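**Student:** This is work-v8.txt, which holds compact mmCIF, C-alpha atoms and all ligand atoms:
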```
# COMPACT_ATOMS: atom_id res chain seq x y z
CA MET A 1 -37.88 34.42 -42.80
CA THR A 2 -34.86 33.18 -44.52
CA VAL A 3 -32.16 34.64 -46.73
CA THR A 4 -32.25 33.49 -50.35
CA SER A 5 -30.37 36.25 -52.20
CA ALA A 6 -26.71 37.13 -52.43
CA ILE A 7 -24.45 39.77 -53.93
CA LEU A 8 -20.85 38.96 -54.76
CA LEU A 9 -18.48 41.93 -54.84
CA VAL A 10 -16.13 41.09 -57.66
CA GLY A 11 -15.33 44.44 -59.25
CA GLY A 12 -12.02 45.34 -57.59
CA MET A 13 -8.83 45.92 -59.55
CA GLY A 14 -6.80 43.28 -57.71
CA THR A 15 -3.81 45.61 -57.78
CA ARG A 16 -1.85 43.64 -55.17
CA MET A 17 -2.17 40.52 -57.31
CA GLN A 18 -0.58 41.93 -60.45
CA PRO A 19 0.51 40.61 -62.86
CA LEU A 20 -1.87 37.72 -62.12
CA THR A 21 -4.79 40.12 -62.37
CA LEU A 22 -3.87 41.99 -65.56
CA SER A 23 -6.12 39.77 -67.64
CA THR A 24 -8.00 37.82 -64.96
CA PRO A 25 -9.99 39.57 -62.26
CA LYS A 26 -8.83 38.38 -58.83
CA PRO A 27 -12.05 36.46 -58.04
CA MET A 28 -11.59 34.51 -61.29
CA LEU A 29 -8.15 33.25 -60.28
CA GLU A 30 -8.38 29.52 -59.96
CA LEU A 31 -8.02 27.31 -56.97
CA LEU A 32 -8.02 23.61 -57.73
CA GLY A 33 -9.21 24.33 -61.24
CA ARG A 34 -12.19 26.50 -60.31
CA PRO A 35 -12.40 30.28 -59.93
CA ILE A 36 -12.64 31.60 -56.36
CA THR A 37 -16.05 32.98 -57.36
CA GLU A 38 -17.25 29.50 -58.24
CA HIS A 39 -16.21 28.14 -54.84
CA GLN A 40 -18.22 30.97 -53.26
CA ILE A 41 -21.25 30.40 -55.48
CA MET A 42 -21.32 26.72 -54.55
CA LYS A 43 -21.04 27.59 -50.87
CA ALA A 44 -23.95 30.03 -51.17
CA LYS A 45 -26.01 27.45 -53.00
CA GLU A 46 -25.41 24.87 -50.28
CA ALA A 47 -26.69 27.38 -47.73
CA GLY A 48 -29.97 27.72 -49.63
CA ILE A 49 -29.24 30.87 -51.65
CA GLN A 50 -31.29 30.85 -54.85
CA GLU A 51 -30.17 33.98 -56.69
CA ILE A 52 -26.83 35.77 -56.90
CA VAL A 53 -25.95 39.08 -58.48
CA LEU A 54 -22.32 39.47 -59.43
CA ALA A 55 -21.35 43.12 -58.89
CA THR A 56 -18.68 43.51 -61.52
CA SER A 57 -16.65 46.35 -62.90
CA TYR A 58 -12.98 45.70 -63.68
CA LEU A 59 -12.79 43.01 -66.42
CA SER A 60 -16.52 42.38 -66.12
CA GLU A 61 -16.51 40.63 -69.50
CA VAL A 62 -14.63 37.67 -68.00
CA PHE A 63 -17.44 36.56 -65.66
CA ILE A 64 -20.39 36.24 -68.01
CA PRO A 65 -19.07 33.51 -70.34
CA HIS A 66 -18.06 31.41 -67.33
CA PHE A 67 -21.19 31.68 -65.17
CA GLY A 68 -23.90 32.55 -67.71
CA ASP A 69 -27.35 32.60 -66.13
CA GLY A 70 -26.19 30.14 -63.49
CA SER A 71 -28.29 27.22 -64.74
CA GLN A 72 -25.14 25.13 -65.06
CA PHE A 73 -24.53 25.70 -61.35
CA GLY A 74 -28.15 25.27 -60.31
CA ILE A 75 -28.57 28.85 -59.12
CA GLN A 76 -29.88 32.05 -60.75
CA ILE A 77 -27.03 34.39 -61.62
CA SER A 78 -27.26 37.91 -62.98
CA TYR A 79 -24.80 40.76 -63.39
CA ALA A 80 -24.73 44.37 -62.26
CA VAL A 81 -21.92 45.96 -64.23
CA GLU A 82 -20.52 49.26 -62.99
CA GLU A 83 -19.19 51.38 -65.85
CA VAL A 84 -17.22 53.29 -63.26
CA ALA A 85 -16.36 51.31 -60.13
CA LEU A 86 -18.77 52.38 -57.39
CA GLY A 87 -16.79 51.14 -54.39
CA THR A 88 -18.03 48.35 -52.15
CA GLY A 89 -21.08 50.25 -50.84
CA GLY A 90 -22.05 51.71 -54.21
CA ALA A 91 -21.73 48.23 -55.71
CA ILE A 92 -24.10 46.73 -53.11
CA ARG A 93 -26.71 49.45 -53.70
CA ASN A 94 -26.44 49.09 -57.46
CA ALA A 95 -26.55 45.27 -57.48
CA ALA A 96 -29.55 45.13 -55.12
CA ASP A 97 -31.70 46.64 -57.89
CA SER A 98 -31.24 43.40 -59.85
CA LEU A 99 -32.45 41.09 -57.08
CA ARG A 100 -35.86 39.50 -57.55
CA SER A 101 -36.56 38.73 -53.90
CA ASP A 102 -36.98 41.57 -51.43
CA GLY A 103 -35.65 39.76 -48.37
CA ASP A 104 -32.35 40.27 -46.56
CA VAL A 105 -29.23 39.80 -48.64
CA ILE A 106 -25.95 38.04 -48.00
CA ILE A 107 -22.95 39.90 -49.41
CA PHE A 108 -19.52 38.44 -50.07
CA ASN A 109 -16.20 40.03 -50.74
CA GLY A 110 -15.07 38.20 -53.83
CA ASP A 111 -11.59 37.27 -52.69
CA ILE A 112 -12.35 35.23 -49.57
CA LEU A 113 -12.66 31.56 -48.87
CA SER A 114 -14.28 30.71 -45.59
CA ALA A 115 -15.46 27.54 -43.95
CA HIS A 116 -17.88 29.30 -41.60
CA SER A 117 -21.51 28.23 -41.76
CA LEU A 118 -23.65 30.71 -43.68
CA GLN A 119 -26.73 29.13 -42.19
CA GLU A 120 -25.45 29.84 -38.69
CA GLN A 121 -24.63 33.41 -39.66
CA ILE A 122 -28.15 33.81 -41.04
CA ALA A 123 -29.65 32.32 -37.85
CA PHE A 124 -27.50 34.72 -35.77
CA HIS A 125 -28.65 37.68 -37.88
CA GLU A 126 -32.29 36.74 -37.49
CA SER A 127 -32.13 35.97 -33.76
CA ASN A 128 -30.59 39.40 -33.11
CA ASP A 129 -33.11 41.12 -35.34
CA ALA A 130 -30.07 42.80 -36.86
CA ASP A 131 -30.02 45.42 -39.59
CA ILE A 132 -26.57 44.21 -40.59
CA SER A 133 -24.48 41.24 -39.45
CA LEU A 134 -20.81 40.84 -40.20
CA HIS A 135 -18.82 37.66 -40.16
CA LEU A 136 -15.80 38.34 -37.95
CA THR A 137 -12.67 36.30 -37.51
CA ARG A 138 -9.36 36.63 -35.66
CA VAL A 139 -6.01 37.17 -37.33
CA PRO A 140 -2.53 37.66 -35.89
CA ASP A 141 -2.06 41.03 -37.62
CA ALA A 142 -5.21 43.09 -38.14
CA ARG A 143 -3.58 46.08 -39.86
CA PRO A 144 -4.64 45.22 -43.45
CA PHE A 145 -8.27 44.64 -42.42
CA GLY A 146 -11.31 46.33 -40.98
CA VAL A 147 -11.63 45.96 -37.20
CA VAL A 148 -14.61 46.33 -34.88
CA ASP A 149 -15.45 47.01 -31.25
CA LEU A 150 -18.17 44.79 -29.84
CA ASP A 151 -20.08 44.53 -26.59
CA GLU A 152 -20.85 41.32 -24.66
CA GLU A 153 -23.94 40.79 -26.81
CA ASN A 154 -21.82 40.95 -29.96
CA ARG A 155 -23.33 44.26 -30.97
CA ILE A 156 -20.81 46.36 -32.88
CA SER A 157 -20.21 49.89 -31.65
CA SER A 158 -17.50 50.98 -34.06
CA PHE A 159 -15.90 49.92 -37.31
CA MET A 160 -12.44 51.09 -38.38
CA GLU A 161 -10.94 50.22 -41.75
CA LYS A 162 -7.19 49.51 -41.93
CA MET A 163 -5.44 51.25 -39.10
CA GLU A 164 -1.79 51.35 -38.00
CA ASN A 165 -2.43 50.24 -34.41
CA PRO A 166 -5.60 48.15 -34.34
CA PRO A 167 -7.01 47.86 -30.80
CA THR A 168 -8.12 44.27 -31.44
CA ASN A 169 -7.39 41.34 -33.72
CA VAL A 170 -11.08 40.68 -34.42
CA ILE A 171 -11.54 41.64 -38.04
CA ASN A 172 -14.21 42.03 -40.66
CA ALA A 173 -14.05 38.76 -42.58
CA GLY A 174 -15.90 40.18 -45.60
CA CYS A 175 -19.27 38.39 -45.50
CA TYR A 176 -22.30 40.45 -44.48
CA ILE A 177 -26.04 40.13 -44.19
CA PHE A 178 -27.93 43.35 -44.83
CA ASN A 179 -31.63 43.99 -44.50
CA ARG A 180 -33.14 45.89 -47.41
CA THR A 181 -33.71 49.08 -45.43
CA SER A 182 -29.97 49.31 -44.77
CA ILE A 183 -29.15 48.75 -48.44
CA GLN A 184 -31.65 51.41 -49.51
CA LYS A 185 -29.91 53.93 -47.23
CA ILE A 186 -26.75 53.75 -49.36
CA PRO A 187 -26.86 56.57 -51.92
CA HIS A 188 -27.62 55.32 -55.42
CA GLY A 189 -25.15 55.71 -58.29
CA GLU A 190 -22.43 57.20 -56.11
CA VAL A 191 -19.00 55.92 -55.15
CA VAL A 192 -19.41 54.67 -51.58
CA SER A 193 -17.16 52.49 -49.42
CA VAL A 194 -19.16 50.18 -47.18
CA GLU A 195 -16.19 49.98 -44.81
CA ARG A 196 -15.25 53.65 -44.63
CA GLN A 197 -18.69 55.24 -44.98
CA THR A 198 -21.70 52.94 -44.67
CA PHE A 199 -20.69 51.01 -41.53
CA PRO A 200 -19.49 54.05 -39.53
CA GLU A 201 -22.53 56.11 -40.60
CA MET A 202 -25.04 53.39 -39.79
CA LEU A 203 -23.44 52.85 -36.39
CA LYS A 204 -23.67 56.56 -35.70
CA ASP A 205 -27.37 56.44 -36.59
CA GLY A 206 -27.89 53.64 -34.05
CA ALA A 207 -28.42 50.78 -36.51
CA ARG A 208 -28.41 47.26 -35.07
CA VAL A 209 -25.10 45.95 -36.39
CA PHE A 210 -23.90 42.62 -34.98
CA GLY A 211 -20.73 40.59 -35.31
CA TYR A 212 -20.85 36.84 -35.83
CA ILE A 213 -17.47 35.60 -34.63
CA ASP A 214 -16.40 32.38 -36.24
CA THR A 215 -12.80 31.32 -36.51
CA SER A 216 -13.00 28.31 -38.78
CA TYR A 217 -10.76 28.17 -41.87
CA TRP A 218 -10.68 31.59 -43.52
CA ILE A 219 -8.34 33.08 -46.05
CA ASP A 220 -8.18 36.37 -47.91
CA ILE A 221 -6.69 35.68 -51.32
CA GLY A 222 -5.02 39.07 -51.27
CA ASN A 223 -1.66 38.14 -52.77
CA PRO A 224 -0.11 35.33 -54.79
CA SER A 225 1.24 33.54 -51.74
CA ALA A 226 -2.27 33.42 -50.22
CA LEU A 227 -3.52 31.80 -53.42
CA LEU A 228 -0.82 29.18 -53.09
CA ALA A 229 -1.51 28.66 -49.40
CA ALA A 230 -5.22 28.17 -50.11
CA THR A 231 -4.42 25.69 -52.86
CA ARG A 232 -2.29 23.69 -50.50
CA GLU A 233 -4.81 23.86 -47.69
CA LEU A 234 -7.75 22.85 -49.86
CA LEU A 235 -5.91 19.86 -51.17
CA GLN A 236 -5.93 16.78 -48.99
CA PRO A 237 -2.72 16.75 -46.95
CA SER A 238 0.08 15.37 -49.10
CA ALA A 239 -2.26 14.70 -52.03
CA SER A 240 -1.98 16.36 -55.40
CA GLY A 241 -4.75 17.21 -57.83
CA LEU A 242 -5.03 17.26 -61.57
CA GLY A 243 -7.33 19.06 -63.97
CA ASP A 244 -8.57 17.43 -67.18
CA ASP A 245 -6.25 16.38 -69.99
CA VAL A 246 -3.07 16.90 -68.05
CA ALA A 247 0.03 15.21 -69.47
CA VAL A 248 2.42 14.40 -66.65
CA ASP A 249 5.46 12.52 -67.87
CA ALA A 250 5.85 9.14 -66.13
CA SER A 251 9.23 10.19 -64.76
CA ALA A 252 7.92 13.50 -63.33
CA GLN A 253 6.83 13.79 -59.69
CA LEU A 254 4.05 15.88 -58.19
CA LEU A 255 4.63 16.19 -54.48
CA GLY A 256 2.34 17.17 -51.59
CA GLY A 257 -0.20 19.89 -52.25
CA THR A 258 0.37 20.49 -55.94
CA TYR A 259 -2.42 21.25 -58.33
CA VAL A 260 -1.95 21.07 -62.10
CA GLY A 261 -4.59 22.85 -64.19
CA ALA A 262 -6.36 21.44 -67.23
CA GLY A 263 -4.35 20.89 -70.38
CA SER A 264 -0.93 21.42 -68.80
CA VAL A 265 2.13 19.39 -69.66
CA ILE A 266 4.81 18.40 -67.15
CA GLY A 267 8.05 17.25 -68.77
CA PRO A 268 10.31 14.33 -67.90
CA HIS A 269 12.15 14.25 -64.57
CA SER A 270 10.51 17.45 -63.34
CA ILE A 271 9.62 17.67 -59.66
CA ILE A 272 6.76 19.97 -58.72
CA GLU A 273 6.18 20.40 -55.03
CA ASN A 274 3.57 22.43 -53.13
CA SER A 275 2.82 24.45 -56.22
CA ALA A 276 -0.14 25.58 -58.27
CA ILE A 277 0.15 25.23 -62.03
CA GLY A 278 -2.47 27.05 -64.11
CA ARG A 279 -4.25 25.78 -67.22
CA GLY A 280 -2.36 25.04 -70.38
CA ALA A 281 1.06 25.58 -68.82
CA ARG A 282 4.10 23.89 -70.36
CA ILE A 283 6.67 22.75 -67.84
CA GLY A 284 9.86 21.54 -69.49
CA ALA A 285 12.15 18.67 -68.55
CA GLY A 286 14.16 18.52 -65.34
CA VAL A 287 12.33 21.49 -63.86
CA ARG A 288 12.17 21.80 -60.09
CA LEU A 289 9.46 24.07 -58.66
CA THR A 290 8.78 24.35 -54.95
CA ARG A 291 5.98 26.58 -53.57
CA CYS A 292 5.59 28.29 -56.93
CA HIS A 293 2.61 29.60 -58.83
CA VAL A 294 2.63 29.26 -62.58
CA ALA A 295 -0.05 31.25 -64.40
CA ASP A 296 -2.20 29.87 -67.20
CA GLY A 297 -0.34 29.20 -70.43
CA THR A 298 3.10 29.94 -69.04
CA ARG A 299 6.10 28.04 -70.36
CA ILE A 300 8.85 27.04 -67.97
CA PRO A 301 12.03 26.06 -69.80
CA ASP A 302 14.00 22.86 -69.28
CA GLY A 303 16.18 22.71 -66.21
CA PHE A 304 14.53 25.67 -64.51
CA ILE A 305 14.75 25.68 -60.69
CA ALA A 306 12.75 27.99 -58.47
CA GLU A 307 11.31 28.24 -55.01
CA GLY A 308 8.55 30.52 -53.73
CA GLN A 309 8.16 32.42 -57.00
CA TYR A 310 5.28 33.46 -59.19
CA PHE A 311 5.59 33.03 -62.96
CA GLY A 312 3.27 34.32 -65.58
CA PHE A 313 2.55 36.30 -68.69
CA THR A 314 6.16 36.31 -69.83
CA GLU A 315 7.68 33.61 -71.89
CA LEU A 316 10.79 32.42 -70.08
CA THR A 317 13.60 31.47 -72.40
CA GLY A 318 17.19 30.53 -71.84
CA GLU A 319 18.72 31.70 -68.59
CA ASN A 320 16.80 31.67 -65.37
CA PRO A 321 16.05 35.39 -64.96
CA TYR A 322 15.78 34.96 -61.20
CA ASN A 323 19.34 33.75 -60.78
N1 LIG A 401 -18.30 45.75 -57.82
C1 LIG A 401 -17.29 46.28 -57.14
N2 LIG A 401 -17.03 47.60 -57.31
N3 LIG A 401 -16.55 45.50 -56.34
C2 LIG A 401 -15.53 46.08 -55.67
C3 LIG A 401 -15.20 47.44 -55.80
C4 LIG A 401 -16.00 48.24 -56.68
O1 LIG A 401 -15.79 49.43 -56.86
N4 LIG A 401 -14.13 47.70 -55.01
C5 LIG A 401 -13.80 46.54 -54.40
N5 LIG A 401 -14.64 45.55 -54.80
C6 LIG A 401 -14.64 44.15 -54.38
C7 LIG A 401 -13.30 43.48 -54.57
O2 LIG A 401 -13.28 42.80 -55.83
C8 LIG A 401 -13.24 42.51 -53.40
O3 LIG A 401 -13.84 41.27 -53.73
C9 LIG A 401 -14.09 43.17 -52.33
O4 LIG A 401 -14.87 44.17 -52.98
C10 LIG A 401 -13.25 43.81 -51.21
O5 LIG A 401 -12.32 44.70 -51.80
P1 LIG A 401 -10.76 44.56 -51.51
O6 LIG A 401 -10.07 45.58 -52.35
O7 LIG A 401 -10.32 43.15 -51.65
O8 LIG A 401 -10.68 45.05 -50.02
P2 LIG A 401 -9.61 44.67 -48.90
O9 LIG A 401 -9.17 43.26 -49.04
O10 LIG A 401 -8.57 45.71 -48.90
O11 LIG A 401 -10.46 44.82 -47.55
C11 LIG A 401 -11.74 44.25 -47.42
O12 LIG A 401 -11.67 42.87 -47.08
C12 LIG A 401 -11.13 42.58 -45.78
C13 LIG A 401 -11.23 41.08 -45.56
O13 LIG A 401 -10.46 40.42 -46.48
C14 LIG A 401 -12.51 45.03 -46.37
O14 LIG A 401 -13.85 44.62 -46.42
C15 LIG A 401 -11.92 44.81 -44.97
O15 LIG A 401 -12.71 45.46 -43.99
C16 LIG A 401 -11.88 43.31 -44.67
O16 LIG A 401 -11.26 43.11 -43.39
MG MG A 402 -9.42 41.78 -50.38
```
For this file, write the structure as structure tokens.

**Tutor:**
Amino acid sequence: MTVTSAILLVGGMGTRMQPLTLSTPKPMLELLGRPITEHQIMKAKEAGIQEIVLATSYLSEVFIPHFGDGSQFGIQISYAVEEVALGTGGAIRNAADSLRSDGDVIIFNGDILSAHSLQEQIAFHESNDADISLHLTRVPDARPFGVVDLDEENRISSFMEKMENPPTNVINAGCYIFNRTSIQKIPHGEVVSVERQTFPEMLKDGARVFGYIDTSYWIDIGNPSALLAATRELLQPSASGLGDDVAVDASAQLLGGTYVGAGSVIGPHSIIENSAIGRGARIGAGVRLTRCHVADGTRIPDGFIAEGQYFGFTELTGENPYN
């Protein structure tokens, strides 16, 4: 038996990423010129997944023109749109109705990049005859995440979402495999949190829930600085990347870990370092940006100097408003 279906949870509001997420859902924010969702779809495809349902809600209209029916990406893609956001559990239950296969399903939080092997997670799930398997990783501070207790056989005995004093730093890394029986147990058409309701309830009922611990590269793109960090880390060390039709003035410099999105212009004598520039941005002359994120279409005026800032959705004119 092997897993060939996936659900991507991409319906969240991305509140912590505003204003980046006012017009772009968080999973559609770009890393190296491709939406996070596209990186995940390609990873799923490489692991042998054949069909993906995008569970969308907030700004659902943004996904369809980009991914279509998936043929461009060599994978079947369909959409389960929640009129009213159903929460992570409700979204899984709702999206599962659109799957063609009836095998176990891999489920991704839509704001994660992870280098763990999906095939190994699937093999782990199958060898444990698990109802549900969770990818787990370790972080220095587990407070913003879900944490689990596990026994020596990696069977999970409890799941606690976001607590003040987590007893462990082993966290839910946001990639699950569910068998269909477990999905069918989630109430249909109701708002359900997989973290706060489904996991604790299934554990109470004695379900076989296992944790696959893997600590390879993993990042939760939960805030603008994580998006920048991921951009830097995905780029080759000290290399920069360019989208299509970028106009970088010959006197401008792009230094280590900078990505410039398609159609952007970088003016004379500007120095852009460790930064992510969106599509169609206009960077003036003599600008100096270090560890900055510039959203799509943003204009940065001549002579502007900034470090560690996010810019977007406002046209900057004249004085540097951050001075
Ligand atoms: N379709 C749909 N509908 N998707 C949703 C909904 C919804 O109502 N609510 C959230 N999502 C999607 C989000 O878009 C995101 O991709 C994913 O579900 C997780 O939601 P977040 O809002 O990003 O949760 P979190 O980051 O606070 O915590 C989650 O991720 C952590 C790992 O990064 C939890 O799963 C934690 O347990 C986990 O540790
Ligand atoms: Mg998140």

**Student:** Residues near Ser114 of chain A, anyone? I mean within 10 Å using only C-alpha atoms, not counting same-chain ones fewer than 4 positions away, as a list in words.

**Tutor:**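 The residues satisfying every condition are His39, Gln40, Lys43, Leu118, His135, Thr137, Ala173, Gly174, Cys175, Asp214, Thr215, Ser216, Tyr217, Trp218, Ile219 and Asp220 of chain A.
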
**Student:** Need the shell around segment 251-268 of chain A: protein/DNA/RNA residues with any atom at most 10 Å away, counting only C-alpha atoms. Skip same-chain ones fewer than 6 positions apart. Format as a ChimeraX atom specification?

**Tutor:** /A:30-34,228-245,274-302

**Student:** Tell me, as a list in words, which residues lie within 9 Å of Leu99 of chain A, counting all atoms listed in the file; anything in the same chain fewer than 3 positions away does not count.

**Tutor:** Ser5, Ala6, Ile7, Glu51, Ile52, Val53, Ser78, Ala95, Ala96 and Asp102 of chain A

**Student:** Under the rule of at most 7 Å, produce a per-residue listing of chain A near ligand LIG 401 (chain A): chain, number, name, the closest pair of atoms, and the distance in Å, as JSON lines, using all atoms listed in the file.

**Tutor:**
```
{"residue": "A:Leu9", "atom": "CA", "partner": "A:LIG401", "partner_atom": "N3", "distance": 4.3}
{"residue": "A:Val10", "atom": "CA", "partner": "A:LIG401", "partner_atom": "O2", "distance": 3.8}
{"residue": "A:Gly11", "atom": "CA", "partner": "A:LIG401", "partner_atom": "N3", "distance": 3.3}
{"residue": "A:Gly12", "atom": "CA", "partner": "A:LIG401", "partner_atom": "O2", "distance": 3.3}
{"residue": "A:Met13", "atom": "CA", "partner": "A:LIG401", "partner_atom": "O2", "distance": 6.6}
{"residue": "A:Gly14", "atom": "CA", "partner": "A:LIG401", "partner_atom": "O6", "distance": 6.7}
{"residue": "A:Lys26", "atom": "CA", "partner": "A:LIG401", "partner_atom": "O2", "distance": 7.0}
{"residue": "A:Pro27", "atom": "CA", "partner": "A:LIG401", "partner_atom": "O3", "distance": 6.7}
{"residue": "A:Ala55", "atom": "CA", "partner": "A:LIG401", "partner_atom": "N1", "distance": 4.2}
{"residue": "A:Thr56", "atom": "CA", "partner": "A:LIG401", "partner_atom": "N1", "distance": 4.3}
{"residue": "A:Ser57", "atom": "CA", "partner": "A:LIG401", "partner_atom": "N1", "distance": 5.4}
{"residue": "A:Glu82", "atom": "CA", "partner": "A:LIG401", "partner_atom": "N1", "distance": 6.6}
{"residue": "A:Ala85", "atom": "CA", "partner": "A:LIG401", "partner_atom": "O1", "distance": 3.8}
{"residue": "A:Leu86", "atom": "CA", "partner": "A:LIG401", "partner_atom": "O1", "distance": 4.2}
{"residue": "A:Gly87", "atom": "CA", "partner": "A:LIG401", "partner_atom": "O1", "distance": 3.2}
{"residue": "A:Thr88", "atom": "CA", "partner": "A:LIG401", "partner_atom": "C3", "distance": 4.7}
{"residue": "A:Ala91", "atom": "CA", "partner": "A:LIG401", "partner_atom": "N1", "distance": 4.7}
{"residue": "A:Asn109", "atom": "CA", "partner": "A:LIG401", "partner_atom": "O3", "distance": 4.0}
{"residue": "A:Gly110", "atom": "CA", "partner": "A:LIG401", "partner_atom": "O3", "distance": 3.3}
{"residue": "A:Asp111", "atom": "CA", "partner": "A:LIG401", "partner_atom": "O3", "distance": 4.7}
{"residue": "A:Ile112", "atom": "CA", "partner": "A:LIG401", "partner_atom": "O13", "distance": 6.3}
{"residue": "A:Pro144", "atom": "CA", "partner": "A:LIG401", "partner_atom": "O10", "distance": 6.7}
{"residue": "A:Phe145", "atom": "CA", "partner": "A:LIG401", "partner_atom": "O16", "distance": 3.5}
{"residue": "A:Gly146", "atom": "CA", "partner": "A:LIG401", "partner_atom": "O15", "distance": 3.4}
{"residue": "A:Val147", "atom": "CA", "partner": "A:LIG401", "partner_atom": "O16", "distance": 6.8}
{"residue": "A:Glu161", "atom": "CA", "partner": "A:LIG401", "partner_atom": "O15", "distance": 5.6}
{"residue": "A:Ile171", "atom": "CA", "partner": "A:LIG401", "partner_atom": "O16", "distance": 5.6}
{"residue": "A:Asn172", "atom": "CA", "partner": "A:LIG401", "partner_atom": "O16", "distance": 4.2}
{"residue": "A:Ala173", "atom": "CA", "partner": "A:LIG401", "partner_atom": "C13", "distance": 4.7}
{"residue": "A:Gly174", "atom": "CA", "partner": "A:LIG401", "partner_atom": "C13", "distance": 4.8}
{"residue": "A:Glu195", "atom": "CA", "partner": "A:LIG401", "partner_atom": "O15", "distance": 5.8}
{"residue": "A:Asp220", "atom": "CA", "partner": "A:LIG401", "partner_atom": "O13", "distance": 4.9}
{"residue": "A:Gly222", "atom": "CA", "partner": "A:LIG401", "partner_atom": "O9", "distance": 6.3}
```

**Student:** Need the shell around Ala130 of chain A: protein/DNA/RNA residues with any atom at most 7 Å away, counting only C-alpha atoms. Skip same-chain ones fewer than 4 positions apart. Format as a PyMOL selection string?

**Tutor:** chain A and resi 125-126+208-210

**Student:** Provide the atom CA of Tyr310 of chain A to atom CA of His269 of chain A distance in Å, to one decimal place.

**Tutor:**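 That distance, rounded to one decimal, is 21.1 Å.
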
**Student:** With distances taken over only C-alpha atoms, which residue among A:Phe199, A:Tyr58, A:Phe311, A:Phe178 lies nearest Ser157 of chain A?

**Tutor:**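 Counting only C-alpha atoms, the residue closest to Ser157 of chain A is A:Phe199.
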
**Student:** Would you mind telling me which residue in A:Leu59, A:Leu134, A:Ile75, A:Asn223 lies nearest to ligand MG 402 (chain A) when using all atoms listed in the file?

**Tutor:**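 Looking at the shortest contact to ligand MG 402 (chain A), the residue is A:Asn223.
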
**Student:** Atom CA of Ile271 of chain A and atom CA of Ile221 of chain A are how many Å apart?

**Tutor:**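 Interatomic distance here is 25.7 Å.
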